[in-house]
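Peer 1: Sharing start_29.pdb (PDB, C-alpha atoms) below.
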```pdb
ATOM      1  CA  GLU M   1       0.000   0.000   0.000  1.00  0.00           C
ATOM      2  CA  PRO M   2       1.445   3.401  -0.952  1.00  0.00           C
ATOM      3  CA  GLU M   3       2.513   5.571   1.954  1.00  0.00           C
ATOM      4  CA  VAL M   4       4.014   8.931   2.768  1.00  0.00           C
ATOM      5  CA  THR M   5       7.668   8.715   3.791  1.00  0.00           C
ATOM      6  CA  GLN M   6       9.745  11.249   5.716  1.00  0.00           C
ATOM      7  CA  THR M   7      13.449  11.717   6.368  1.00  0.00           C
ATOM      8  CA  PRO M   8      15.202  11.967   8.678  1.00  0.00           C
ATOM      9  CA  SER M   9      13.269  10.286  11.455  1.00  0.00           C
ATOM     10  CA  HIS M  10      15.115  12.385  14.033  1.00  0.00           C
ATOM     11  CA  GLN M  11      17.030  15.633  13.554  1.00  0.00           C
ATOM     12  CA  VAL M  12      19.009  17.357  16.268  1.00  0.00           C
ATOM     13  CA  THR M  13      20.190  20.894  15.614  1.00  0.00           C
ATOM     14  CA  GLN M  14      21.595  23.918  17.386  1.00  0.00           C
ATOM     15  CA  MET M  15      19.445  26.989  17.865  1.00  0.00           C
ATOM     16  CA  GLY M  16      19.863  29.369  14.930  1.00  0.00           C
ATOM     17  CA  GLN M  17      20.753  26.649  12.438  1.00  0.00           C
ATOM     18  CA  GLU M  18      18.768  25.913   9.296  1.00  0.00           C
ATOM     19  CA  VAL M  19      17.052  22.547   8.905  1.00  0.00           C
ATOM     20  CA  ILE M  20      15.347  20.916   5.960  1.00  0.00           C
ATOM     21  CA  LEU M  21      12.816  18.188   6.554  1.00  0.00           C
ATOM     22  CA  ARG M  22      12.024  15.946   3.626  1.00  0.00           C
ATOM     23  CA  CYS M  23       8.901  14.135   2.570  1.00  0.00           C
ATOM     24  CA  VAL M  24       7.921  11.921  -0.324  1.00  0.00           C
ATOM     25  CA  PRO M  25       4.129  12.123  -0.711  1.00  0.00           C
ATOM     26  CA  ILE M  26       2.018   9.342  -2.224  1.00  0.00           C
ATOM     27  CA  SER M  27       2.774   9.376  -5.928  1.00  0.00           C
ATOM     28  CA  ASN M  28      -0.613  10.277  -7.438  1.00  0.00           C
ATOM     29  CA  HIS M  29      -1.464  12.855  -4.773  1.00  0.00           C
ATOM     30  CA  LEU M  30      -1.623  16.503  -5.696  1.00  0.00           C
ATOM     31  CA  TYR M  31      -2.084  18.264  -2.335  1.00  0.00           C
ATOM     32  CA  PHE M  32       0.648  18.338   0.267  1.00  0.00           C
ATOM     33  CA  TYR M  33       0.665  19.493   3.855  1.00  0.00           C
ATOM     34  CA  TRP M  34       2.901  19.996   6.860  1.00  0.00           C
ATOM     35  CA  TYR M  35       1.656  19.677  10.417  1.00  0.00           C
ATOM     36  CA  ARG M  36       3.428  20.011  13.741  1.00  0.00           C
ATOM     37  CA  GLN M  37       2.899  18.282  17.065  1.00  0.00           C
ATOM     38  CA  ILE M  38       4.627  19.597  20.158  1.00  0.00           C
ATOM     39  CA  LEU M  39       5.238  16.791  22.653  1.00  0.00           C
ATOM     40  CA  GLY M  40       2.032  15.785  24.409  1.00  0.00           C
ATOM     41  CA  GLN M  41      -0.141  18.187  22.433  1.00  0.00           C
ATOM     42  CA  LYS M  42      -2.471  17.959  19.492  1.00  0.00           C
ATOM     43  CA  VAL M  43      -1.502  18.031  15.840  1.00  0.00           C
ATOM     44  CA  GLU M  44      -1.492  21.556  14.365  1.00  0.00           C
ATOM     45  CA  PHE M  45      -1.691  22.624  10.745  1.00  0.00           C
ATOM     46  CA  LEU M  46       1.235  24.572   9.297  1.00  0.00           C
ATOM     47  CA  VAL M  47       0.794  24.844   5.543  1.00  0.00           C
ATOM     48  CA  SER M  48      -0.842  23.343   2.474  1.00  0.00           C
ATOM     49  CA  PHE M  49       0.690  23.293  -1.004  1.00  0.00           C
ATOM     50  CA  TYR M  50      -0.818  22.718  -4.405  1.00  0.00           C
ATOM     51  CA  ASN M  51       0.304  23.350  -7.941  1.00  0.00           C
ATOM     52  CA  ASN M  52       3.690  24.593  -6.773  1.00  0.00           C
ATOM     53  CA  GLU M  53       2.377  27.233  -4.471  1.00  0.00           C
ATOM     54  CA  ILE M  54       1.168  27.654  -0.924  1.00  0.00           C
ATOM     55  CA  SER M  55      -2.614  27.437  -0.782  1.00  0.00           C
ATOM     56  CA  GLU M  56      -3.011  28.114   2.917  1.00  0.00           C
ATOM     57  CA  LYS M  57      -0.807  28.681   5.952  1.00  0.00           C
ATOM     58  CA  SER M  58      -1.354  29.078   9.660  1.00  0.00           C
ATOM     59  CA  GLU M  59      -0.091  31.811  11.947  1.00  0.00           C
ATOM     60  CA  ILE M  60       2.659  29.414  13.076  1.00  0.00           C
ATOM     61  CA  PHE M  61       4.085  29.393   9.549  1.00  0.00           C
ATOM     62  CA  ASP M  62       6.000  32.665   9.738  1.00  0.00           C
ATOM     63  CA  ASP M  63       8.867  33.986   7.626  1.00  0.00           C
ATOM     64  CA  GLN M  64      11.267  31.460   9.151  1.00  0.00           C
ATOM     65  CA  PHE M  65       9.420  28.647   7.382  1.00  0.00           C
ATOM     66  CA  SER M  66       9.324  27.810   3.696  1.00  0.00           C
ATOM     67  CA  VAL M  67       8.196  24.870   1.604  1.00  0.00           C
ATOM     68  CA  GLU M  68       9.306  23.628  -1.744  1.00  0.00           C
ATOM     69  CA  ARG M  69       8.691  20.848  -4.207  1.00  0.00           C
ATOM     70  CA  PRO M  70      12.179  20.696  -5.724  1.00  0.00           C
ATOM     71  CA  ASP M  71      11.387  17.789  -8.070  1.00  0.00           C
ATOM     72  CA  GLY M  72       8.542  15.462  -8.973  1.00  0.00           C
ATOM     73  CA  SER M  73       8.666  13.427  -5.809  1.00  0.00           C
ATOM     74  CA  ASN M  74      10.016  15.403  -2.845  1.00  0.00           C
ATOM     75  CA  PHE M  75       8.300  18.002  -0.698  1.00  0.00           C
ATOM     76  CA  THR M  76      10.427  19.873   1.820  1.00  0.00           C
ATOM     77  CA  LEU M  77       9.948  22.093   4.842  1.00  0.00           C
ATOM     78  CA  LYS M  78      12.780  24.477   5.652  1.00  0.00           C
ATOM     79  CA  ILE M  79      13.179  26.296   8.932  1.00  0.00           C
ATOM     80  CA  ARG M  80      15.671  29.070   8.349  1.00  0.00           C
ATOM     81  CA  SER M  81      16.862  29.818  11.857  1.00  0.00           C
ATOM     82  CA  THR M  82      15.578  27.323  14.391  1.00  0.00           C
ATOM     83  CA  LYS M  83      14.363  28.321  17.828  1.00  0.00           C
ATOM     84  CA  LEU M  84      14.008  26.169  20.930  1.00  0.00           C
ATOM     85  CA  GLU M  85      10.239  26.265  20.552  1.00  0.00           C
ATOM     86  CA  ASP M  86      10.488  24.671  17.097  1.00  0.00           C
ATOM     87  CA  SER M  87      11.231  21.350  18.812  1.00  0.00           C
ATOM     88  CA  ALA M  88       8.353  19.082  17.821  1.00  0.00           C
ATOM     89  CA  MET M  89       7.286  16.227  15.582  1.00  0.00           C
ATOM     90  CA  TYR M  90       6.721  17.429  12.032  1.00  0.00           C
ATOM     91  CA  PHE M  91       4.319  15.430   9.919  1.00  0.00           C
ATOM     92  CA  CYS M  92       3.959  15.580   6.184  1.00  0.00           C
ATOM     93  CA  ALA M  93       0.621  14.577   4.671  1.00  0.00           C
ATOM     94  CA  SER M  94      -0.801  14.287   1.189  1.00  0.00           C
ATOM     95  CA  SER M  95      -4.189  13.870  -0.421  1.00  0.00           C
ATOM     96  CA  GLU M  96      -5.344  12.933  -3.875  1.00  0.00           C
ATOM     97  CA  ASP M  97      -7.356  16.081  -4.183  1.00  0.00           C
ATOM     98  CA  ARG M  98      -8.574  18.763  -1.862  1.00  0.00           C
ATOM     99  CA  TYR M  99     -11.627  16.848  -0.709  1.00  0.00           C
ATOM    100  CA  ASN M 100     -10.005  13.458  -0.161  1.00  0.00           C
ATOM    101  CA  GLU M 101      -8.587  12.195   3.084  1.00  0.00           C
ATOM    102  CA  GLN M 102      -5.110  13.281   4.095  1.00  0.00           C
ATOM    103  CA  PHE M 103      -2.588  10.507   4.723  1.00  0.00           C
ATOM    104  CA  PHE M 104       0.208  11.209   7.147  1.00  0.00           C
ATOM    105  CA  GLY M 105       3.861  10.208   7.177  1.00  0.00           C
ATOM    106  CA  PRO M 106       5.645   8.788  10.232  1.00  0.00           C
ATOM    107  CA  GLY M 107       7.063  12.171  11.172  1.00  0.00           C
ATOM    108  CA  THR M 108      10.431  13.779  11.828  1.00  0.00           C
ATOM    109  CA  ARG M 109      11.287  14.510  15.418  1.00  0.00           C
ATOM    110  CA  LEU M 110      13.122  17.857  15.498  1.00  0.00           C
ATOM    111  CA  THR M 111      15.110  18.673  18.605  1.00  0.00           C
ATOM    112  CA  VAL M 112      16.568  22.169  18.865  1.00  0.00           C
ATOM    113  CA  LEU M 113      19.280  22.587  21.494  1.00  0.00           C
TER     114      LEU M 113
ATOM    115  CA  GLY N   1     -10.572  29.781  17.421  1.00  0.00           C
ATOM    116  CA  GLN N   2     -12.066  26.502  16.298  1.00  0.00           C
ATOM    117  CA  GLN N   3     -11.571  23.785  18.871  1.00  0.00           C
ATOM    118  CA  LEU N   4     -12.473  20.135  19.132  1.00  0.00           C
ATOM    119  CA  ASN N   5     -12.841  18.674  22.603  1.00  0.00           C
ATOM    120  CA  GLN N   6     -12.442  14.972  23.110  1.00  0.00           C
ATOM    121  CA  SER N   7     -13.542  12.918  26.063  1.00  0.00           C
ATOM    122  CA  PRO N   8     -12.405  11.130  27.956  1.00  0.00           C
ATOM    123  CA  GLN N   9      -8.837  12.456  27.970  1.00  0.00           C
ATOM    124  CA  SER N  10      -7.556   9.011  28.842  1.00  0.00           C
ATOM    125  CA  MET N  11      -8.935   5.644  29.790  1.00  0.00           C
ATOM    126  CA  PHE N  12      -7.773   2.293  31.067  1.00  0.00           C
ATOM    127  CA  ILE N  13      -9.821  -0.684  30.004  1.00  0.00           C
ATOM    128  CA  GLN N  14      -9.598  -4.446  30.253  1.00  0.00           C
ATOM    129  CA  GLU N  15      -8.889  -6.465  27.139  1.00  0.00           C
ATOM    130  CA  GLY N  16     -12.157  -7.583  25.585  1.00  0.00           C
ATOM    131  CA  GLU N  17     -14.150  -4.577  26.757  1.00  0.00           C
ATOM    132  CA  ASP N  18     -15.899  -2.174  24.431  1.00  0.00           C
ATOM    133  CA  VAL N  19     -14.678   1.433  24.325  1.00  0.00           C
ATOM    134  CA  SER N  20     -16.510   4.604  23.493  1.00  0.00           C
ATOM    135  CA  MET N  21     -15.070   8.083  23.020  1.00  0.00           C
ATOM    136  CA  ASN N  22     -16.456  11.269  21.591  1.00  0.00           C
ATOM    137  CA  CYS N  23     -15.521  14.550  20.050  1.00  0.00           C
ATOM    138  CA  THR N  24     -17.502  17.779  20.198  1.00  0.00           C
ATOM    139  CA  SER N  25     -17.299  21.211  18.694  1.00  0.00           C
ATOM    140  CA  SER N  26     -19.127  24.495  19.076  1.00  0.00           C
ATOM    141  CA  SER N  27     -19.059  24.909  15.281  1.00  0.00           C
ATOM    142  CA  ILE N  28     -20.567  22.900  12.456  1.00  0.00           C
ATOM    143  CA  PHE N  29     -18.245  20.838  10.285  1.00  0.00           C
ATOM    144  CA  ASN N  30     -19.078  18.811   7.201  1.00  0.00           C
ATOM    145  CA  THR N  31     -16.345  16.191   7.369  1.00  0.00           C
ATOM    146  CA  TRP N  32     -15.241  14.300  10.473  1.00  0.00           C
ATOM    147  CA  LEU N  33     -12.339  11.882  10.670  1.00  0.00           C
ATOM    148  CA  TRP N  34     -10.824   9.595  13.268  1.00  0.00           C
ATOM    149  CA  TYR N  35      -7.088   8.909  13.409  1.00  0.00           C
ATOM    150  CA  LYS N  36      -4.993   6.695  15.676  1.00  0.00           C
ATOM    151  CA  GLN N  37      -1.470   7.616  16.678  1.00  0.00           C
ATOM    152  CA  ASP N  38       0.984   5.110  18.110  1.00  0.00           C
ATOM    153  CA  PRO N  39       3.932   6.449  20.152  1.00  0.00           C
ATOM    154  CA  GLY N  40       6.514   8.088  17.886  1.00  0.00           C
ATOM    155  CA  GLU N  41       4.419   7.518  14.769  1.00  0.00           C
ATOM    156  CA  GLY N  42       2.209   9.592  12.524  1.00  0.00           C
ATOM    157  CA  PRO N  43      -1.595   9.612  12.682  1.00  0.00           C
ATOM    158  CA  VAL N  44      -3.198   6.732  10.790  1.00  0.00           C
ATOM    159  CA  LEU N  45      -6.647   7.263   9.318  1.00  0.00           C
ATOM    160  CA  LEU N  46      -9.289   4.941  10.772  1.00  0.00           C
ATOM    161  CA  ILE N  47     -12.627   6.247   9.526  1.00  0.00           C
ATOM    162  CA  ALA N  48     -13.851   9.244   7.521  1.00  0.00           C
ATOM    163  CA  LEU N  49     -17.434  10.526   7.778  1.00  0.00           C
ATOM    164  CA  TYR N  50     -19.038  12.828   5.225  1.00  0.00           C
ATOM    165  CA  LYS N  51     -22.753  12.905   5.972  1.00  0.00           C
ATOM    166  CA  ALA N  52     -24.622  13.956   9.103  1.00  0.00           C
ATOM    167  CA  GLY N  53     -26.068  10.896  10.822  1.00  0.00           C
ATOM    168  CA  GLU N  54     -23.726   8.564   8.931  1.00  0.00           C
ATOM    169  CA  LEU N  55     -22.628   5.435  10.800  1.00  0.00           C
ATOM    170  CA  THR N  56     -19.527   3.753   9.398  1.00  0.00           C
ATOM    171  CA  SER N  57     -17.646   0.651  10.480  1.00  0.00           C
ATOM    172  CA  ASN N  58     -14.093  -0.503   9.908  1.00  0.00           C
ATOM    173  CA  GLY N  59     -13.608  -3.920  11.482  1.00  0.00           C
ATOM    174  CA  ARG N  60     -14.110  -3.545  15.232  1.00  0.00           C
ATOM    175  CA  LEU N  61     -14.379   0.225  14.913  1.00  0.00           C
ATOM    176  CA  THR N  62     -17.628   2.113  14.422  1.00  0.00           C
ATOM    177  CA  ALA N  63     -17.947   5.867  14.126  1.00  0.00           C
ATOM    178  CA  GLN N  64     -20.913   8.161  13.766  1.00  0.00           C
ATOM    179  CA  PHE N  65     -21.215  11.700  12.453  1.00  0.00           C
ATOM    180  CA  GLY N  66     -23.672  13.533  14.697  1.00  0.00           C
ATOM    181  CA  ILE N  67     -26.923  14.871  13.290  1.00  0.00           C
ATOM    182  CA  THR N  68     -26.110  18.395  14.466  1.00  0.00           C
ATOM    183  CA  ARG N  69     -22.730  18.185  12.657  1.00  0.00           C
ATOM    184  CA  LYS N  70     -21.104  19.300  15.894  1.00  0.00           C
ATOM    185  CA  ASP N  71     -20.013  15.932  17.230  1.00  0.00           C
ATOM    186  CA  SER N  72     -18.860  12.423  16.481  1.00  0.00           C
ATOM    187  CA  PHE N  73     -18.222   9.285  18.456  1.00  0.00           C
ATOM    188  CA  LEU N  74     -15.927   6.318  17.973  1.00  0.00           C
ATOM    189  CA  ASN N  75     -16.605   2.874  19.401  1.00  0.00           C
ATOM    190  CA  ILE N  76     -14.114   0.042  19.582  1.00  0.00           C
ATOM    191  CA  SER N  77     -15.567  -3.377  20.289  1.00  0.00           C
ATOM    192  CA  ALA N  78     -13.745  -6.223  22.046  1.00  0.00           C
ATOM    193  CA  SER N  79     -10.551  -4.233  22.620  1.00  0.00           C
ATOM    194  CA  ILE N  80      -7.146  -5.876  22.223  1.00  0.00           C
ATOM    195  CA  PRO N  81      -3.708  -4.765  23.460  1.00  0.00           C
ATOM    196  CA  SER N  82      -2.731  -3.278  20.093  1.00  0.00           C
ATOM    197  CA  ASP N  83      -5.619  -0.796  20.387  1.00  0.00           C
ATOM    198  CA  VAL N  84      -3.364   1.142  22.764  1.00  0.00           C
ATOM    199  CA  GLY N  85      -2.579   4.607  21.458  1.00  0.00           C
ATOM    200  CA  ILE N  86      -3.993   8.083  21.117  1.00  0.00           C
ATOM    201  CA  TYR N  87      -7.187   8.558  19.156  1.00  0.00           C
ATOM    202  CA  PHE N  88      -7.689  11.933  17.514  1.00  0.00           C
ATOM    203  CA  CYS N  89     -10.773  13.254  15.869  1.00  0.00           C
ATOM    204  CA  ALA N  90     -10.249  15.767  13.097  1.00  0.00           C
ATOM    205  CA  VAL N  91     -12.454  17.957  10.972  1.00  0.00           C
ATOM    206  CA  GLU N  92     -11.958  19.608   7.674  1.00  0.00           C
ATOM    207  CA  GLY N  93     -11.855  23.332   8.279  1.00  0.00           C
ATOM    208  CA  THR N  94     -14.657  25.566   7.123  1.00  0.00           C
ATOM    209  CA  SER N  95     -15.317  26.253   3.480  1.00  0.00           C
ATOM    210  CA  GLY N  96     -12.361  27.542   1.548  1.00  0.00           C
ATOM    211  CA  THR N  97      -9.753  25.994   3.802  1.00  0.00           C
ATOM    212  CA  TYR N  98      -7.503  23.016   3.170  1.00  0.00           C
ATOM    213  CA  LYS N  99      -6.454  22.240   6.708  1.00  0.00           C
ATOM    214  CA  TYR N 100      -7.522  19.633   9.190  1.00  0.00           C
ATOM    215  CA  ILE N 101      -8.227  20.713  12.743  1.00  0.00           C
ATOM    216  CA  PHE N 102      -7.371  18.044  15.270  1.00  0.00           C
ATOM    217  CA  GLY N 103      -8.969  17.314  18.615  1.00  0.00           C
ATOM    218  CA  THR N 104      -7.215  17.103  21.942  1.00  0.00           C
ATOM    219  CA  GLY N 105      -6.963  13.305  21.802  1.00  0.00           C
ATOM    220  CA  THR N 106      -8.092  10.335  23.888  1.00  0.00           C
ATOM    221  CA  ARG N 107      -5.284   8.154  25.234  1.00  0.00           C
ATOM    222  CA  LEU N 108      -6.334   4.533  25.438  1.00  0.00           C
ATOM    223  CA  LYS N 109      -4.544   1.952  27.551  1.00  0.00           C
ATOM    224  CA  VAL N 110      -5.623  -1.657  27.431  1.00  0.00           C
ATOM    225  CA  LEU N 111      -4.870  -3.974  30.323  1.00  0.00           C
ATOM    226  CA  ALA N 112      -4.319  -7.561  29.236  1.00  0.00           C
TER     227      ALA N 112
END
```
Just dump the structure as structure tokens.
Peer 2:
Amino acid sequence: EPEVTQTPSHQVTQMGQEVILRCVPISNHLYFYWYRQILGQKVEFLVSFYNNEISEKSEIFDDQFSVERPDGSNFTLKIRSTKLEDSAMYFCASSEDRYNEQFFGPGTRLTVL
Amino acid sequence: GQQLNQSPQSMFIQEGEDVSMNCTSSSIFNTWLWYKQDPGEGPVLLIALYKAGELTSNGRLTAQFGITRKDSFLNISASIPSDVGIYFCAVEGTSGTYKYIFGTGTRLKVLA
């Protein structure tokens, strides 16, 4: 069964460093998303992406964040200058179209020291 | 902002028991979903509901989309140890939005 994959599974970085989290969405899906889950809390929406542009973003997704689809298979989330409070699980998700269910990847645990 | 409240927050049950949990909102939503999250993993879709009053089953799981479109419940029958995890409800945000809004979660622990 096709699934969303994410790399790395765990990323440790120093405050102020840039990180790039990578995702490979399900191959025939057209809509891509990033969500964040701070330890012990609920999953929160960050951004949605369609047709090579951001379709919606939350207030969490400030200028430090960016997303890109650099090729036909990868979808990345970049945090330009990480802060301690960016420590969380980051989940990528994809859906076939806007009204279909979103399928989530296993997540990347980001730890900012 | 839009918020989904789940109850109970956590529960311990004996293996073989049936489980019921629910999710409520002060706003109307047209799509309700239930996900399960194992420790250190991503949410896995269990059931999606698209029509008010709809009752849908997936194996031992049954979920209903409330008539008022402000709530949903999830039942698990004859629980087994691998049912342990956190169950999240989610809704598709209001018209024009792409995002899912997740509930606060119900942590389920099954005692063998």
Peer 1: Applying 8 Å and all atoms listed in the file, which residues near stretch 85-97 of chain M remain after dropping the ones on its own chain fewer than 5 positions away? List them as a PyMOL selection string.
Peer 2: (chain M and resi 4+6+23+25-26+28-39+102-112) or (chain N and resi 42)
Peer 1: Please return, as a ChimeraX atom specification, all residues of chain N lying within 10 Å of chain M when only C-alpha atoms are considered.
Peer 2: /N:31,33,35,37-38,40-45,47-48,88,90,92,96-105
Peer 1: Interatomic distance between atom CA of M:Thr5 and atom CA of M:Val24?
Peer 2: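 Atom-to-atom, atom CA of M:Thr5 and atom CA of M:Val24 are spaced 5.2 Å apart.
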Peer 1: To test your reading of the syntax: which residues would the PyMOL selection byres ((chain N and resi 69) around 12) return for the file shown? Reply as a PyMOL selection string.
Peer 2: chain N and resi 23-32+49-54+64-68+70-73+91-92
Peer 1: Using all atoms listed in the file, which of M:Glu68, M:Phe61, M:Thr7, M:Lys78 sits nearest M:Ile20?
Peer 2: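 Closest residue, counting all atoms listed in the file: M:Lys78.
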Peer 1: Using the chain letters and numbers from the file, which residues does the PyMOL selection byres ((chain M and resi 66) around 6) grab, as a PyMOL selection string?
Peer 2: chain M and resi 65+67+77-78
Peer 1: Please write the residues picked by the PyMOL selection byres ((chain N and resi 74-84) around 8) on this file as a PyMOL selection string.
Peer 2: chain N and resi 14-22+34+38+60-64+72-73+85-86+107-112
Peer 1: Expressed in Å to a single decimal, how great is the separation between atom CA of N:Gln9 and atom CA of N:Ser57?
Peer 2: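 Atom CA of N:Ser57 lies at a distance of 22.9 Å from atom CA of N:Gln9.
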Peer 1: One number please: atom CA of N:Lys36 to atom CA of N:Thr106, in Å, one decimal.
Peer 2: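 That distance, rounded to one decimal, is 9.5 Å.
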Peer 1: N, CA and C atoms are what I want for stretch 21-47 of chain N; can you complete it accordingly and write them as a CSV table (one decimal), in the frame of the given file?
Peer 2:
```csv
chain,number,residue,atom,x,y,z
N,21,MET,N,-15.6,6.8,22.8
N,21,MET,CA,-15.1,8.1,23.0
N,21,MET,C,-15.8,9.1,22.1
N,22,ASN,N,-15.8,10.3,22.5
N,22,ASN,CA,-16.5,11.3,21.6
N,22,ASN,C,-15.7,12.6,21.4
N,23,CYS,N,-16.2,13.3,20.5
N,23,CYS,CA,-15.5,14.6,20.0
N,23,CYS,C,-16.6,15.6,19.8
N,24,THR,N,-16.5,16.8,20.4
N,24,THR,CA,-17.5,17.8,20.2
N,24,THR,C,-16.9,19.1,19.8
N,25,SER,N,-17.7,19.9,19.2
N,25,SER,CA,-17.3,21.2,18.7
N,25,SER,C,-18.4,22.2,18.9
N,26,SER,N,-18.1,23.5,19.0
N,26,SER,CA,-19.1,24.5,19.1
N,26,SER,C,-19.5,25.0,17.7
N,27,SER,N,-18.8,24.5,16.7
N,27,SER,CA,-19.1,24.9,15.3
N,27,SER,C,-19.5,23.7,14.5
N,28,ILE,N,-20.1,23.9,13.4
N,28,ILE,CA,-20.6,22.9,12.5
N,28,ILE,C,-19.4,22.6,11.5
N,29,PHE,N,-19.2,21.3,11.3
N,29,PHE,CA,-18.2,20.8,10.3
N,29,PHE,C,-18.9,19.8,9.4
N,30,ASN,N,-18.4,19.7,8.2
N,30,ASN,CA,-19.1,18.8,7.2
N,30,ASN,C,-18.3,17.5,6.9
N,31,THR,N,-17.1,17.4,7.5
N,31,THR,CA,-16.3,16.2,7.4
N,31,THR,C,-15.7,15.9,8.7
N,32,TRP,N,-15.9,14.7,9.2
N,32,TRP,CA,-15.2,14.3,10.5
N,32,TRP,C,-14.4,13.1,10.2
N,33,LEU,N,-13.2,13.0,10.9
N,33,LEU,CA,-12.3,11.9,10.7
N,33,LEU,C,-11.8,11.4,12.0
N,34,TRP,N,-11.5,10.2,12.1
N,34,TRP,CA,-10.8,9.6,13.3
N,34,TRP,C,-9.5,9.0,12.9
N,35,TYR,N,-8.5,9.4,13.6
N,35,TYR,CA,-7.1,8.9,13.4
N,35,TYR,C,-6.6,8.2,14.7
N,36,LYS,N,-5.7,7.3,14.5
N,36,LYS,CA,-5.0,6.7,15.7
N,36,LYS,C,-3.5,7.0,15.5
N,37,GLN,N,-2.9,7.3,16.7
N,37,GLN,CA,-1.5,7.6,16.7
N,37,GLN,C,-0.8,6.7,17.7
N,38,ASP,N,0.1,5.9,17.2
N,38,ASP,CA,1.0,5.1,18.1
N,38,ASP,C,2.2,6.0,18.5
N,39,PRO,N,2.8,5.6,19.7
N,39,PRO,CA,3.9,6.4,20.2
N,39,PRO,C,5.0,6.6,19.1
N,40,GLY,N,5.4,7.8,18.8
N,40,GLY,CA,6.5,8.1,17.9
N,40,GLY,C,6.2,7.9,16.4
N,41,GLU,N,4.9,7.7,16.1
N,41,GLU,CA,4.4,7.5,14.8
N,41,GLU,C,3.5,8.6,14.3
N,42,GLY,N,3.2,8.6,13.0
N,42,GLY,CA,2.2,9.6,12.5
N,42,GLY,C,0.8,9.1,12.7
N,43,PRO,N,-0.2,10.0,12.6
N,43,PRO,CA,-1.6,9.6,12.7
N,43,PRO,C,-2.0,8.7,11.5
N,44,VAL,N,-2.7,7.7,11.8
N,44,VAL,CA,-3.2,6.7,10.8
N,44,VAL,C,-4.7,6.9,10.7
N,45,LEU,N,-5.2,7.1,9.5
N,45,LEU,CA,-6.6,7.3,9.3
N,45,LEU,C,-7.4,6.0,9.6
N,46,LEU,N,-8.4,6.1,10.4
N,46,LEU,CA,-9.3,4.9,10.8
N,46,LEU,C,-10.6,5.0,10.0
N,47,ILE,N,-11.3,6.1,10.1
N,47,ILE,CA,-12.6,6.2,9.5
N,47,ILE,C,-12.8,7.7,9.1
```
